[in-house]
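**Q** After the structure tokens below, expect a handful of questions from me.
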Amino acid sequence: MNRPVRVRFAPSPTGPLHIGGVRTALYNYLFARHHGGKMILRIEDTDSQRFVPGAEDYIIESLRWCGIEIDEGVGVGGPHAPYRQSERREIYLKYAKQLVEAGWAYYAFDTSEELDVLRKEAESKGETFAYNYSVREKLPTSLSLSQEEVEERIARGDIWVIRFKMPENEVVEMDDLIRGHVKVNTSTLDDKVLYKSADALPTYHLANIVDDHLMEISHVIRGEEWLPSLPLHYLLYKAFGWEESQPQFAHLPLLLKPTGGGKLSKRDGDKMGFPVFPLYWVSPTTGETAHGYREDGYFPEAFINMLALLGWNPGTEQELFSMQELIDTFSLERVSKSGARFQPDKAKWFNAQYMHRKSDAELAVLYQPILSEHGIEVADEVAGKVAGIMKERATFIGDLWDLTSYFFVAPTEYEEKQARKYWKGSNPAILAELREVLAGIDDFSLENTEQIVHAWIESKGYGMGQVMNTLRLALVGAGKGPGMYDVTSFLGKEECLKRIDALFANLTPAE
RNA sequence: GGCCCAUUCGUCUAUCGGCUAGGACGCAAGAUUUUCAUUCUUGAAAGAGGAGUUCGACUCUCCUAUGGGCUACCA
């Protein structure tokens, strides 16, 4: 069936979106854009118990930071509004009742407490309690009770739910775009709750199928944790008579902890020293905070590039992809089947790659706030130039200050190792000579200075490393930094001479 | 426990019956270098095990093992 591609990302606002969720959103987005389709954002807030204020805004802000654009949905509207399930509540009961009338579902009056008791009892006998064909006619349901009693119970306000009447011993055959053909016998499944009168809200299963149908979703791309409920969803489409327009399914492999042993969870991040969330998060209830990629200094392009390659590959040896390149090359056929462990080291490597490719102008914008924090006020051009000189040594923008502070601030102390090695013997005398050579240079440009100083070193027969490192000690204060003439030309003659004098004044040479 | 999914270097992965099993991260060594980095070169490193199908299996089938997911009036 050829129809317009419409996919949805349908998170539940129960907390900050974690990177597994971001990847699901990303794959949906790439798929939609690749096929010229629409990306829909639907908020599945059918669990009133677990609702967390602020989570929805967090999700929207995260997607925006990542560059994942929403065509239709919460925050942008669209022809199928509202896109928040709590605002669609009156829609679902009608469909649940339709299923009851058609014999695909029934009312059940047991409370969760009663069911807990039954589960415990079964457990103590070494059995598993399943709410299915074997018990539904023995429990208080519209299948065991008379119609009058059912009506009476509902009328007097008893709590009820509508459960799906899972067929007995039928084989459901399903197709998944990533996993292929899957078969399940319905006898291993149970009668899932579809609608609960207590809060007048559907459960995920009903709301999901109804909304996907109503919103004309063509492809459902979601995490592997949903694979076990796929037979139920197939049957639901059948029960509603919507098989013709049923979406195609693709279940994505899970993102696993770096150490293995389970899917990546909210707690792994702080414990292992890497963020599991795109953005910084403060829990409105507990006050707990969590790191985010954005605040930890990751570029959204690097973050997305890293995430895209966790579970998908283009089949070529290309590693670096812009969003547009991802859109162009993405396909569900190349999504892998097995879970992928998250690799913090590789995330850093990606960020460094993007850092190295930034232009001076881009770097200037990002670096200026940090310079301001340190009380440095310089032109964008200057900030960009310095950042550009040192970017290859940095992974994050935040690394730049340590790497470049000596461009702006004269050293006040000297790294011991470098000082011990070079501030001794004949070096102070040579530096004094070099000071005079520098003082005599009019054109302090990188090339000219280099030429004159090198000629002088050669004529004197001094060791290159000896001279340059002693100068480095004076100008930088440590054994690090870029080429020496990058530093001299940036600082200018006056500042260079000042720093050389300061070294003589501050540090007594050894021997 | 039951059901479902998965299984190539430590990790992410390529391979769609012909493999001297390729790339990347990380790791190690070397080269370059005025320092620190970068960069470059090289190296170590893999088909879970067992049956079958086949002229030929990493690739197909089955079993076992291992890992993971689900098993709520949560999504």
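Chain lettering (A, B, ...) mirrors the order of the structure tokens, residue numbering begins at 1 for each chain separately, and ligand numbering begins at 1 in order of display.
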Run DSSP on the backbone and grab whatever in range 180-253 of chain A lands in helix (DSSP H, G or I); send it over as a ChimeraX atom specification.
**A** /A:186-188,204-214,224-240,243-245
**Q** Please, which residues of chain A lie no more than 6 Å from chain B when the count uses only C-alpha atoms (C1' of nucleotides), and can they be set out as a PyMOL selection string?
**A** chain A and resi 196+225+228+317+338+346+392-393+465+468+479-481
**Q** Which neighbours of U64 in chain B fall inside 12 Å, counting only C-alpha atoms (C1' of nucleotides), when residues of the same chain fewer than 6 positions from it are skipped, and could you give them as a list in words?
**A**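 That gives A48, G49, G50 and A51 of chain B.
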**Q** Set the distance at 9 Å and use only C-alpha atoms (C1' of nucleotides): which residues neighbour range 152-169 of chain A once local chain neighbours fewer than 3 positions away are removed? I'd like the list as a PyMOL selection string.
**A** (chain A and resi 96-97+99-100+103-111+132-133+136+147-149+185-198+232+235-236) or (chain B and resi 73)
